[in-house]
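*Asks:* For reference, the file target-v4.tsv (TSV, C-alpha atoms and all ligand atoms) is included below:
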```tsv
chain	number	residue	atom	x	y	z
A	1	MET	CA	0.00	0.00	0.00
A	2	GLY	CA	1.29	3.44	-0.93
A	3	ARG	CA	0.55	6.56	1.05
A	4	LEU	CA	-1.90	7.72	-1.65
A	5	THR	CA	-3.31	4.38	-2.76
A	6	GLY	CA	-6.89	4.80	-3.97
A	7	LYS	CA	-6.60	8.55	-4.43
A	8	VAL	CA	-6.97	10.54	-7.63
A	9	ALA	CA	-4.85	13.68	-7.93
A	10	ILE	CA	-4.38	16.56	-10.36
A	11	VAL	CA	-1.11	18.48	-10.51
A	12	THR	CA	-1.07	21.68	-12.57
A	13	GLY	CA	2.22	22.83	-14.03
A	14	GLY	CA	3.01	19.13	-13.97
A	15	ALA	CA	5.31	19.19	-16.98
A	16	SER	CA	8.31	20.75	-15.23
A	17	GLY	CA	10.14	21.38	-11.99
A	18	ILE	CA	8.18	20.98	-8.76
A	19	GLY	CA	5.03	19.87	-10.58
A	20	ALA	CA	6.81	17.09	-12.50
A	21	ALA	CA	8.45	15.86	-9.29
A	22	THR	CA	5.06	15.87	-7.58
A	23	VAL	CA	3.37	13.92	-10.37
A	24	ARG	CA	6.08	11.27	-10.03
A	25	ARG	CA	6.02	11.22	-6.22
A	26	PHE	CA	2.22	10.96	-6.01
A	27	ALA	CA	2.24	8.11	-8.53
A	28	GLU	CA	5.03	6.30	-6.65
A	29	GLU	CA	2.76	6.36	-3.61
A	30	GLY	CA	-0.14	4.79	-5.49
A	31	ALA	CA	-2.18	7.79	-6.66
A	32	ARG	CA	-3.65	7.94	-10.14
A	33	VAL	CA	-2.42	11.31	-11.34
A	34	VAL	CA	-3.50	13.81	-13.96
A	35	CYS	CA	-0.52	15.86	-15.09
A	36	ALA	CA	-1.95	19.15	-16.41
A	37	ASP	CA	0.02	21.81	-18.25
A	38	ILE	CA	0.20	23.82	-21.45
A	39	ALA	CA	3.60	22.34	-22.36
A	40	ASP	CA	2.12	19.24	-23.96
A	41	GLN	CA	5.25	17.41	-25.08
A	42	ALA	CA	7.02	17.87	-21.75
A	43	GLY	CA	3.86	16.82	-19.91
A	44	GLU	CA	3.52	13.67	-22.01
A	45	ARG	CA	7.16	12.85	-21.21
A	46	VAL	CA	6.49	13.12	-17.47
A	47	VAL	CA	3.51	10.79	-17.83
A	48	ALA	CA	5.64	8.33	-19.83
A	49	THR	CA	8.25	8.21	-17.02
A	50	VAL	CA	5.49	7.47	-14.51
A	51	ARG	CA	4.11	4.66	-16.66
A	52	ASP	CA	7.60	3.24	-17.28
A	53	ALA	CA	8.01	3.07	-13.50
A	54	GLY	CA	4.73	1.15	-13.18
A	55	GLY	CA	2.57	4.07	-12.02
A	56	GLU	CA	-0.70	5.44	-13.35
A	57	ALA	CA	-0.88	8.90	-14.88
A	58	ALA	CA	-2.54	10.74	-17.75
A	59	TYR	CA	-1.74	14.04	-19.40
A	60	CYS	CA	-4.31	16.81	-19.83
A	61	HIS	CA	-3.75	20.09	-21.65
A	62	ALA	CA	-5.14	22.85	-19.43
A	63	ASP	CA	-4.41	26.56	-19.28
A	64	VAL	CA	-5.15	27.36	-15.64
A	65	GLY	CA	-6.01	30.94	-16.57
A	66	THR	CA	-9.08	29.82	-18.50
A	67	LEU	CA	-12.04	28.61	-16.44
A	68	ALA	CA	-13.44	26.34	-19.16
A	69	GLU	CA	-10.09	24.54	-19.49
A	70	VAL	CA	-9.79	24.10	-15.73
A	71	GLU	CA	-13.32	22.70	-15.56
A	72	ALA	CA	-12.51	20.35	-18.44
A	73	MET	CA	-9.33	19.26	-16.62
A	74	VAL	CA	-11.29	18.32	-13.51
A	75	ALA	CA	-13.94	16.55	-15.62
A	76	PHE	CA	-11.11	14.65	-17.36
A	77	ALA	CA	-9.79	13.42	-14.00
A	78	VAL	CA	-13.25	12.32	-12.92
A	79	ASP	CA	-14.00	10.63	-16.27
A	80	THR	CA	-10.61	8.91	-16.40
A	81	TYR	CA	-10.21	7.82	-12.78
A	82	GLY	CA	-13.70	8.04	-11.25
A	83	GLY	CA	-13.38	11.01	-8.88
A	84	LEU	CA	-11.03	13.58	-7.42
A	85	ASP	CA	-9.33	13.61	-4.01
A	86	VAL	CA	-6.34	15.92	-4.40
A	87	ILE	CA	-5.57	19.01	-6.46
A	88	HIS	CA	-2.16	20.61	-6.44
A	89	ASN	CA	-2.49	24.08	-7.99
A	90	ASN	CA	1.11	24.68	-8.91
A	91	ALA	CA	1.32	26.21	-12.41
A	92	TYR	CA	2.81	29.62	-12.79
A	93	TRP	CA	3.79	32.37	-15.13
A	94	THR	CA	5.01	35.79	-14.14
A	95	GLY	CA	6.70	38.91	-15.37
A	96	GLY	CA	7.96	41.89	-13.43
A	97	GLY	CA	9.02	45.50	-13.34
A	98	TYR	CA	9.04	48.50	-11.04
A	99	VAL	CA	5.45	49.24	-10.06
A	100	GLY	CA	5.54	52.78	-11.52
A	101	GLU	CA	6.46	51.34	-14.90
A	102	LEU	CA	4.91	47.88	-14.81
A	103	ASP	CA	3.03	46.80	-17.94
A	104	PRO	CA	-0.60	46.28	-16.83
A	105	GLU	CA	-0.83	43.26	-19.13
A	106	ILE	CA	2.00	41.57	-17.21
A	107	TRP	CA	0.20	42.35	-13.96
A	108	GLU	CA	-3.10	40.95	-15.21
A	109	ARG	CA	-1.63	37.85	-16.81
A	110	SER	CA	0.45	37.05	-13.72
A	111	LEU	CA	-2.55	37.33	-11.43
A	112	ARG	CA	-4.79	35.44	-13.81
A	113	ILE	CA	-2.47	32.45	-13.93
A	114	MET	CA	-1.17	32.42	-10.36
A	115	LEU	CA	-4.15	33.69	-8.35
A	116	THR	CA	-7.30	33.44	-10.45
A	117	GLY	CA	-5.99	30.12	-11.78
A	118	VAL	CA	-5.81	28.79	-8.23
A	119	PHE	CA	-9.34	30.04	-7.61
A	120	TYR	CA	-10.52	28.28	-10.78
A	121	GLY	CA	-8.78	25.07	-9.70
A	122	MET	CA	-10.43	25.10	-6.30
A	123	ARG	CA	-13.80	26.18	-7.67
A	124	ALA	CA	-13.83	23.27	-10.11
A	125	ALA	CA	-12.43	20.71	-7.65
A	126	ILE	CA	-14.52	21.44	-4.55
A	127	PRO	CA	-17.87	20.05	-5.84
A	128	ARG	CA	-16.08	16.83	-6.85
A	129	MET	CA	-14.43	16.60	-3.43
A	130	LEU	CA	-17.76	17.19	-1.70
A	131	ALA	CA	-19.19	14.31	-3.74
A	132	ARG	CA	-16.28	12.16	-2.54
A	133	GLY	CA	-16.69	13.09	1.17
A	134	GLY	CA	-13.54	15.20	1.37
A	135	GLY	CA	-10.25	16.05	-0.24
A	136	SER	CA	-6.95	17.86	-0.02
A	137	ILE	CA	-6.12	21.08	-1.84
A	138	ILE	CA	-2.47	22.06	-2.09
A	139	ASN	CA	-1.49	25.41	-3.54
A	140	THR	CA	2.09	26.29	-4.34
A	141	SER	CA	2.73	29.73	-2.93
A	142	SER	CA	6.29	30.85	-2.11
A	143	VAL	CA	8.25	32.53	0.63
A	144	GLU	CA	7.82	35.49	-1.72
A	145	GLY	CA	4.14	35.35	-0.75
A	146	LEU	CA	5.09	36.23	2.83
A	147	TYR	CA	7.14	39.32	1.97
A	148	GLY	CA	7.45	42.12	-0.54
A	149	GLY	CA	10.02	42.03	-3.29
A	150	ILE	CA	11.76	44.19	-5.86
A	151	LEU	CA	10.58	43.91	-9.50
A	152	GLY	CA	8.32	41.00	-8.57
A	153	SER	CA	5.15	42.69	-7.32
A	154	PRO	CA	2.76	40.59	-9.46
A	155	TYR	CA	4.41	37.42	-8.15
A	156	ASN	CA	4.53	38.51	-4.50
A	157	THR	CA	0.95	39.76	-4.68
A	158	ALA	CA	-0.43	36.60	-6.28
A	159	LYS	CA	1.49	34.33	-3.92
A	160	GLY	CA	0.39	36.36	-0.87
A	161	GLY	CA	-3.23	36.52	-2.01
A	162	MET	CA	-3.21	32.78	-2.57
A	163	ILE	CA	-2.41	32.22	1.10
A	164	ASN	CA	-5.52	34.07	2.30
A	165	LEU	CA	-7.64	32.51	-0.42
A	166	THR	CA	-6.48	29.11	0.83
A	167	ARG	CA	-7.28	30.01	4.44
A	168	SER	CA	-10.77	31.07	3.37
A	169	VAL	CA	-11.37	27.74	1.66
A	170	ALA	CA	-10.07	25.94	4.75
A	171	LEU	CA	-12.65	27.78	6.88
A	172	GLU	CA	-15.49	27.33	4.41
A	173	TYR	CA	-15.04	23.60	3.78
A	174	GLY	CA	-13.25	22.15	6.81
A	175	ARG	CA	-16.44	20.66	8.18
A	176	LYS	CA	-16.89	18.85	4.88
A	177	ASN	CA	-13.48	17.20	5.33
A	178	ILE	CA	-11.81	19.30	2.64
A	179	ARG	CA	-8.43	20.60	3.74
A	180	ALA	CA	-6.60	23.43	1.96
A	181	ASN	CA	-2.98	24.37	2.48
A	182	CYS	CA	-0.17	26.27	0.82
A	183	ILE	CA	3.46	25.33	0.45
A	184	CYS	CA	5.93	28.22	0.55
A	185	PRO	CA	9.18	26.97	-0.98
A	186	GLY	CA	12.54	28.72	-0.87
A	187	ALA	CA	14.75	28.52	-3.96
A	188	VAL	CA	14.25	25.26	-5.81
A	189	VAL	CA	16.48	24.35	-8.74
A	190	THR	CA	14.09	24.44	-11.69
A	191	PRO	CA	14.02	26.32	-15.01
A	192	ALA	CA	12.12	29.10	-13.21
A	193	LEU	CA	14.88	29.65	-10.65
A	194	GLU	CA	17.61	29.60	-13.26
A	195	GLN	CA	15.74	32.29	-15.20
A	196	LEU	CA	15.18	34.40	-12.08
A	197	ALA	CA	18.80	34.20	-10.99
A	198	SER	CA	20.04	35.14	-14.45
A	199	PHE	CA	17.76	38.22	-14.59
A	200	GLY	CA	19.11	39.47	-11.28
A	201	GLY	CA	22.73	38.72	-12.09
A	202	ARG	CA	23.04	36.29	-9.19
A	203	SER	CA	24.53	32.85	-9.55
A	204	LEU	CA	22.74	29.81	-8.17
A	205	ASP	CA	25.62	29.57	-5.66
A	206	ASP	CA	24.86	33.10	-4.43
A	207	VAL	CA	21.22	32.11	-3.94
A	208	ALA	CA	22.22	28.88	-2.20
A	209	ALA	CA	24.31	30.82	0.32
A	210	MET	CA	21.21	32.74	1.45
A	211	HIS	CA	19.68	29.53	2.87
A	212	ALA	CA	20.48	28.26	6.37
A	213	LEU	CA	21.17	24.89	4.77
A	214	GLY	CA	23.69	26.54	2.44
A	215	ARG	CA	22.11	25.04	-0.64
A	216	ASN	CA	19.17	25.38	-2.98
A	217	LEU	CA	16.37	22.86	-2.73
A	218	ARG	CA	15.47	20.02	-5.08
A	219	PRO	CA	12.01	19.68	-6.64
A	220	ALA	CA	11.66	16.26	-5.00
A	221	GLU	CA	11.96	17.87	-1.56
A	222	ILE	CA	8.93	20.06	-2.24
A	223	ALA	CA	7.10	17.10	-3.78
A	224	ASN	CA	7.55	15.32	-0.45
A	225	VAL	CA	5.81	18.18	1.34
A	226	ALA	CA	2.98	17.99	-1.19
A	227	LEU	CA	2.81	14.24	-0.62
A	228	PHE	CA	2.44	14.76	3.13
A	229	LEU	CA	-0.33	17.33	2.58
A	230	ALA	CA	-2.09	15.08	0.07
A	231	SER	CA	-2.00	12.08	2.40
A	232	ASP	CA	-4.13	11.41	5.43
A	233	GLU	CA	-0.97	11.79	7.57
A	234	SER	CA	-1.60	15.56	7.52
A	235	SER	CA	-5.22	15.22	8.68
A	236	ALA	CA	-4.74	17.87	11.40
A	237	ILE	CA	-3.42	20.50	9.01
A	238	THR	CA	-5.61	22.96	7.15
A	239	GLY	CA	-5.38	26.68	6.40
A	240	ALA	CA	-1.60	26.50	6.80
A	241	ALA	CA	1.16	28.10	4.78
A	242	ILE	CA	3.94	25.58	5.25
A	243	VAL	CA	7.36	27.09	4.80
A	244	ALA	CA	9.75	24.67	3.11
A	245	ASP	CA	12.64	26.99	2.44
A	246	GLY	CA	15.85	25.46	3.76
A	247	GLY	CA	15.94	28.26	6.34
A	248	LEU	CA	15.93	31.07	3.74
A	249	THR	CA	13.56	33.15	5.88
A	250	SER	CA	14.82	32.02	9.30
A	251	GLY	CA	16.50	35.30	10.11
A	252	LEU	CA	18.30	38.35	8.83
A	253	ASN	CA	21.86	37.97	10.15
A	254	VAL	CA	22.31	41.73	9.86
A	255	GLY	CA	25.71	41.34	11.52
A	256	GLY	CA	26.89	39.05	8.75
A	257	PHE	CA	28.27	36.53	11.26
A	258	PRO	CA	29.48	33.22	9.89
A	259	PRO	CA	27.40	30.11	10.57
A	260	TYR	CA	28.91	27.43	12.81
A	261	GLY	CA	31.86	25.79	11.13
A	262	GLY	CA	32.40	28.71	8.71
B	301	LIG	N1	11.59	27.22	-8.30
B	301	LIG	C1	11.52	27.95	-7.21
B	301	LIG	O1	12.55	28.40	-6.67
B	301	LIG	C2	10.19	28.25	-6.57
B	301	LIG	C3	10.20	28.87	-5.30
B	301	LIG	C4	8.99	29.14	-4.69
B	301	LIG	C5	7.81	28.83	-5.32
B	301	LIG	N2	7.83	28.24	-6.55
B	301	LIG	C6	6.56	27.92	-7.17
B	301	LIG	O2	6.53	26.56	-7.50
B	301	LIG	C7	5.65	26.37	-8.61
B	301	LIG	C8	6.36	25.55	-9.66
B	301	LIG	O3	7.51	26.28	-10.06
B	301	LIG	P1	8.72	25.60	-10.83
B	301	LIG	O4	9.93	26.29	-10.34
B	301	LIG	O5	8.61	24.15	-10.76
B	301	LIG	O6	8.43	26.16	-12.29
B	301	LIG	P2	8.66	25.56	-13.76
B	301	LIG	O7	8.90	26.73	-14.64
B	301	LIG	O8	9.67	24.46	-13.73
B	301	LIG	O9	7.22	24.92	-14.07
B	301	LIG	C9	6.08	25.71	-14.21
B	301	LIG	C10	5.11	24.97	-15.12
B	301	LIG	O10	3.90	25.74	-15.22
B	301	LIG	C11	3.45	25.59	-16.55
B	301	LIG	N3	2.52	26.66	-16.90
B	301	LIG	C12	2.80	27.95	-17.21
B	301	LIG	N4	1.68	28.61	-17.51
B	301	LIG	C13	0.66	27.73	-17.39
B	301	LIG	C14	-0.74	27.81	-17.57
B	301	LIG	N5	-1.32	28.97	-17.95
B	301	LIG	N6	-1.49	26.71	-17.37
B	301	LIG	C15	-0.91	25.54	-17.01
B	301	LIG	N7	0.41	25.40	-16.82
B	301	LIG	C16	1.19	26.49	-17.02
B	301	LIG	C17	4.73	25.62	-17.38
B	301	LIG	O11	4.51	25.12	-18.69
B	301	LIG	C18	5.64	24.76	-16.54
B	301	LIG	O12	5.57	23.39	-16.91
B	301	LIG	C19	5.24	27.77	-9.07
B	301	LIG	O13	3.96	28.07	-8.56
B	301	LIG	C20	6.29	28.65	-8.46
B	301	LIG	O14	5.83	29.96	-8.24
B	301	LIG	C21	8.99	27.94	-7.19
```
Output the file's structure as structure tokens, nothing else.
Ligand SMILES: NC(=O)c1ccc[n+]([C@@H]2O[C@H](COP(=O)([O-])OP(=O)(O)OC[C@H]3O[C@@H](n4cnc5c(N)ncnc54)[C@H](O)[C@@H]3O)[C@@H](O)[C@H]2O)c1

*Replies:*
Amino acid sequence: MGRLTGKVAIVTGGASGIGAATVRRFAEEGARVVCADIADQAGERVVATVRDAGGEAAYCHADVGTLAEVEAMVAFAVDTYGGLDVIHNNAYWTGGGYVGELDPEIWERSLRIMLTGVFYGMRAAIPRMLARGGGSIINTSSVEGLYGGILGSPYNTAKGGMINLTRSVALEYGRKNIRANCICPGAVVTPALEQLASFGGRSLDDVAAMHALGRNLRPAEIANVALFLASDESSAITGAAIVADGGLTSGLNVGGFPPYGG
């Protein structure tokens, strides 16, 4: 028996990075998984790796910024696997700029994909979870959702808004056995992080040094947090924003003192 045996899960942004690792991890633990993305070839490849390893997964094209596509994605999961127990709203797209100069289209697209898209995912999934007697919603926020940031206001705003949206769902549906939580990762080595670091002129080593652990995180480490939240092992946890950041936000170290051992 796996930790998710008998459960049906959707992972959005499942074609890459954290989402791809989560699709694989959920399937390893016995879930039947819908990998949803707009990057169809990459998504199909993730599904193929799951099947090669003996797991069950199916790919679904879904732009999370379009309600009809999100509804079709949830219907696909129900038609293919008979119900829905877990949704991991994880897809993202963002752009940035100083607020006084920010292109309103970048603002709107970022919020549509990262915040409205999460709303669409939950809106479509909740009736199916109610029909199933409960479920687990997992939304990928970020430590950036807990703080402000420079050039990243659409991202920080969407990720922060997502945390309160998730808390609201936790309050509204807790008595129906639907739990809703966010994960707030630190820097995870994915195409997104490499792009971010290159924009800012920082190397991945510079970013790693900002973490208490002295390293960046691996997608599989965040997938393990998602696995815990998807499983019944986390039955006491709802409305939480779980920080999984390798100690990135543990403190400021204004004095610049060296950690133990140098
Ligand atoms: N990598 C990090 O350091 C980090 C840190 C904190 C939070 N996060 C969050 O983790 C999540 C996954 O990030 P990642 O680093 O794995 O990114 P990634 O770039 O590796 O993957 C993102 C995926 O989202 C998909 N996507 C983009 N627009 C979409 C849309 N409209 N509909 C459906 N899918 C779409 C992309 O095709 C891609 O497969 C994101 O929500 C991100 O904000 C990442």

*Asks:* Around all of segment 141-159 of chain A's listed atoms, make the axis-aligned box with 4 Å on each side and tell me centre and edge lengths in Å to one decimal, as JSON.

*Replies:*
```
{"center_x": 5.7, "center_y": 37.0, "center_z": -3.3, "size_x": 20.2, "size_y": 22.5, "size_z": 20.3}
```

*Asks:* Could you give me, as a PyMOL selection string, every polymer residue with an atom at most 7 Å away from an atom of ligand LIG 301 (chain B), counting only C-alpha atoms and all ligand atoms?

*Replies:* chain A and resi 12-19+36-39+62-65+90-93+113-114+140-143+184-193+219

*Asks:* Set the distance at 12 Å and use only C-alpha atoms: which residues neighbour segment 241-253 of chain A once local chain neighbours fewer than 3 positions away are removed? I'd like the list as a PyMOL selection string.

*Replies:* chain A and resi 138-147+159-167+170+180-188+207-226+228-229+234+237-238+256-259

*Asks:* Emit the selected residues as a compact mmCIF listing (two decimals), keeping the file's coordinate frame, including C-alpha atoms.

*Replies:*
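That gives us result.txt:
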```txt
# COMPACT_ATOMS: atom_id res chain seq x y z
CA ILE A 138 -2.47 22.06 -2.09
CA ASN A 139 -1.49 25.41 -3.54
CA THR A 140 2.09 26.29 -4.34
CA SER A 141 2.73 29.73 -2.93
CA SER A 142 6.29 30.85 -2.11
CA VAL A 143 8.25 32.53 0.63
CA GLU A 144 7.82 35.49 -1.72
CA GLY A 145 4.14 35.35 -0.75
CA LEU A 146 5.09 36.23 2.83
CA TYR A 147 7.14 39.32 1.97
CA LYS A 159 1.49 34.33 -3.92
CA GLY A 160 0.39 36.36 -0.87
CA GLY A 161 -3.23 36.52 -2.01
CA MET A 162 -3.21 32.78 -2.57
CA ILE A 163 -2.41 32.22 1.10
CA ASN A 164 -5.52 34.07 2.30
CA LEU A 165 -7.64 32.51 -0.42
CA THR A 166 -6.48 29.11 0.83
CA ARG A 167 -7.28 30.01 4.44
CA ALA A 170 -10.07 25.94 4.75
CA ALA A 180 -6.60 23.43 1.96
CA ASN A 181 -2.98 24.37 2.48
CA CYS A 182 -0.17 26.27 0.82
CA ILE A 183 3.46 25.33 0.45
CA CYS A 184 5.93 28.22 0.55
CA PRO A 185 9.18 26.97 -0.98
CA GLY A 186 12.54 28.72 -0.87
CA ALA A 187 14.75 28.52 -3.96
CA VAL A 188 14.25 25.26 -5.81
CA VAL A 207 21.22 32.11 -3.94
CA ALA A 208 22.22 28.88 -2.20
CA ALA A 209 24.31 30.82 0.32
CA MET A 210 21.21 32.74 1.45
CA HIS A 211 19.68 29.53 2.87
CA ALA A 212 20.48 28.26 6.37
CA LEU A 213 21.17 24.89 4.77
CA GLY A 214 23.69 26.54 2.44
CA ARG A 215 22.11 25.04 -0.64
CA ASN A 216 19.17 25.38 -2.98
CA LEU A 217 16.37 22.86 -2.73
CA ARG A 218 15.47 20.02 -5.08
CA PRO A 219 12.01 19.68 -6.64
CA ALA A 220 11.66 16.26 -5.00
CA GLU A 221 11.96 17.87 -1.56
CA ILE A 222 8.93 20.06 -2.24
CA ALA A 223 7.10 17.10 -3.78
CA ASN A 224 7.55 15.32 -0.45
CA VAL A 225 5.81 18.18 1.34
CA ALA A 226 2.98 17.99 -1.19
CA PHE A 228 2.44 14.76 3.13
CA LEU A 229 -0.33 17.33 2.58
CA SER A 234 -1.60 15.56 7.52
CA ILE A 237 -3.42 20.50 9.01
CA THR A 238 -5.61 22.96 7.15
CA GLY A 256 26.89 39.05 8.75
CA PHE A 257 28.27 36.53 11.26
CA PRO A 258 29.48 33.22 9.89
CA PRO A 259 27.40 30.11 10.57
```

*Asks:* One decimal, Å: what's the distance from atom CA of Val74 of chain A over to atom CA of Ala240 of chain A, could you say?

*Replies:*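 Pair atom CA of Val74 of chain A / atom CA of Ala240 of chain A returns 23.9 Å.
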
*Asks:* Find the residue from A:Gly121, A:Gly239, A:Gly148, A:Pro104 that sits nearest to Ala72 of chain A; use all atoms listed in the file when measuring.

*Replies:*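 Looking at the shortest contact to Ala72 of chain A, the residue is A:Gly121.
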
*Asks:* Hey, which of A:Ala48, A:Leu151, A:Val78, A:Ala57 ends up closest to Thr94 of chain A? Count only C-alpha atoms.

*Replies:* A:Leu151

*Asks:* So what do you get for atom CA of Val11 of chain A versus atom CA of Cys35 of chain A, distance-wise?

*Replies:*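 These two atoms are separated by 5.3 Å.
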